[in-house]
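Report on one structure; see the data block that follows.
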Amino acid sequence: MKANLGVEVPWQLVMLILIALPSVLFHVCHGQTDDYENPAAPPPGLDECNGLFLTYSFISREKEYPRVKNASAQAWAFKSLATITNTGQYELKGWQMFVGFQHKEILVSASGAIVVDGDDFPLEVGNGTTFAGNPMTDLKTAIDTAGDFTQISAQIEITGSVFGIKPPGVPMPKNIKLVNAGYKCPKATLKGKTYMQVCCKKDPKAKKVDKKVLKFLPRRNGDLSLTYDVLQAYGSNYQAQVTIDNINPLGRLDHWNLTWEWMNGEFISKMRGAYTHKRDFSECVYGPAGKYYKDLDFSTVMNCEKKPVIADLPPERKNDSQVGKLPYCCRNGTLLPAIMDESKARSIFQLEVFKMPPFLNRTALVPPEKWKIDGVVNPQYKCGPPIRVDPTEFPDSSGLDSKTYAIASWQVTCNITRPKEKLSRCCVSFSAYYNRSAIPCNTCACGCDNNIGCSKTARAMLLPAESLLVPFDNRTNKALAWADLNKFKVPNPRPCPDNCPVSINWHIDSDYKTGWTASVTLFNWGDSPFEDWFSAIQINKAYKGLEGVYSFNGTTFDNLNKTIFLQGLPGLNFLVGEVNGTKPGDPRIPGKQQTKISFTKKHTPGINIARGDGFPTRILFNGEECALPKQIPLSSAEQKSPFKFLTVIIMAIMTFITMTDHLH
């Protein structure tokens, strides 16, 4: 017999249970009480800090592939958390935090911040790196926000790889500190093995800034300054203007290419004064933009890439009513130093930008990040993150004596970095009347990625001076014959070429009692010409003796590390590209320009040309630092044989022994 367990429950009781259930599961307090929920304990030291409180916490790690026996070469994936909290009474604009990584760390991601002067991830940061807030760039005070931690504190969630520190060791940074000017930080304190903290306070000796005058961060100095000004703003789009200013007196860009990264799905609808190398709207049509802007004709959109590459327009588009008619535009990407032509030291272009949700408020303005700019044979620049600055002021377009202002402005500063070895874009060769051999450019001076079957480390072979006039591929027979004639050793395999598009030869012509002379020859081994070229030469021991430059325009600048500045004379400032030889099969002929330079010894007593005092210590072409040879030509009198020197030493020792015997 089965028991009947069915029970009929009145529907009124069911409703009562459903109504009462939330109050059972969730305790709701409707009145004031002293029984507060205990908040999470703040980090140790936070309450005692009156300034900026920085922390770094190592969270976890996991062994990565490949698994190797050498502990110092084993890679580990790690996670850590860095925080910065404003516990003081002053708002911090554009916070920047340095983390002194020291274990060959490679960052893969850093949410809540960007790496200052950094490239794309993965990024090597073994010598430490600086983070800047993104998107939260400013830290307000607890006083102004009623203690709202979301406005006074920021976190950086760091993920990356680290080498050589196996458990139980912990790969902690050497130090953490605040980079912003006006603050002083003691050395960070290590708490246990996985936690580090420091309290940075206002420097009482720092120059005070008038808050009423400066609403945002002050503009910074750099070799190159880029300004991103929002001129008009609407709900879904805005119009911006980008201004590029060349600040460095020896900096320059030719055919500049500017790129950045959109962080929130933006795309460029129109441009004036510049264009993008790629005009493919498929990324918009098939992406989130196509889903949101369903009625927009994307065939007229300029660019939908996350990382657009932007270039200047050619001069013939300067007066084009649709894409031109902007001041400082349309010069084929040429930015000259102000000491050459101040009107050509600036470039400007404008763009219309469409935004994506949730940034559809007209005041929701976010500039692109990760700016990079490059030229042809020019300096290599490293750019920092965009910082919010006071709105740029412009003269009133109506001609009235008044000013208008941008809605919002950001500044990006870029600085020239000295090229690493074998990564230059121009090189130098040395020769002299007193030595029959010319010293060519260094092997692989400008890279050797595509060279096979040659030595990338062998020293370049000495040459007869006339061989410098022909391309590297046509020098082989001359180099071998010269080595055989002079009994020089021939490397096996033979050295690779220098691979430089531009080379400069410095040749000492004469050396006499009261002065000396040199020749400077520029070679263009590429197809493209160089207009308005310049070269800057630093020759420390001979600088004061400069007497005259005869085929170029030469100027001296004491305030630029005693630099001799050379440029072409009017009508002669065009360095043509390489052309074919006169007859089929003849070597190609480089573009070439030459000048004589004379020096007096009156103001440089003790100068010794034969020992190398007549050779430059640094040469730049169009702002790019050229690779110098690793040796200089010496006169036969100065090239003393080590065996002769050893003989002199032995004779001196024998004489000393003989004299000692006579004394005894």
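If you're wondering about the labels, chains in the structure tokens are A, B, ... by order shown, residues count from 1 in each chain, ligands from 1 in order shown.
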For Ser347 of chain A, list every protein, DNA or RNA residue within 9 Å, evaluated using only C-alpha atoms, and leave out those in the same chain fewer than 2 positions away; present the list as a tab-separated table (two decimals) with C-alpha atoms, in the first residue's frame.
chain	number	residue	atom	x	y	z
A	242	VAL	CA	46.61	68.10	-35.37
A	243	THR	CA	49.59	70.47	-35.24
A	244	ILE	CA	53.15	69.16	-35.53
A	245	ASP	CA	55.91	71.55	-34.39
A	246	ASN	CA	59.60	70.83	-34.92
A	273	GLY	CA	45.58	68.72	-45.25
A	312	ASP	CA	51.04	64.93	-45.60
A	327	PRO	CA	48.08	76.89	-43.44
A	328	TYR	CA	51.25	74.81	-42.98
A	329	CYS	CA	49.89	71.86	-44.98
A	330	CYS	CA	50.77	70.11	-48.18
A	331	ARG	CA	54.59	70.01	-48.26
A	333	GLY	CA	55.72	65.75	-45.19
A	334	THR	CA	58.75	68.04	-44.87
A	335	LEU	CA	59.44	69.56	-41.45
A	344	LYS	CA	58.44	75.15	-42.66
A	345	ALA	CA	58.91	73.98	-39.06
A	349	PHE	CA	45.90	68.83	-40.78
For the contact check between segment 275-390 of chain A and segment 614-635 of chain A, emit one row per residue of segment 275-390 of chain A within 8 Å, containing the shortest atom pair and the distance in Å rounded to one decimal, counting only C-alpha atoms, chain then rising number order, as CSV.
residue,atom,partner,partner_atom,distance
A:Val377,CA,A:Glu624,CA,6.4
A:Asn378,CA,A:Glu624,CA,4.5
A:Pro379,CA,A:Glu624,CA,4.2
A:Gln380,CA,A:Glu624,CA,7.5
Include C-alpha atoms and write out the residues we just selected as a tab-separated table (two decimals), in the first residue's frame.
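Okay, this is what ended up in part_28.tsv:
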chain	number	residue	atom	x	y	z
A	377	VAL	CA	66.44	59.51	-43.53
A	378	ASN	CA	65.62	61.37	-40.33
A	379	PRO	CA	66.00	61.05	-36.56
A	380	GLN	CA	64.07	58.33	-34.80
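Of the residues listed (A:Val366, A:Val198, A:Leu560, A:Met136), A:Met136 shows the shortest atom-to-atom separation from Ile152 of chain A; distances use only C-alpha atoms.
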Closest of A:Leu313, A:Val170, A:Val502, A:Leu360 to Ser236 of chain A - atom-to-atom distances counting only C-alpha atoms
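Of all the options, A:Leu360 lies closest to Ser236 of chain A.
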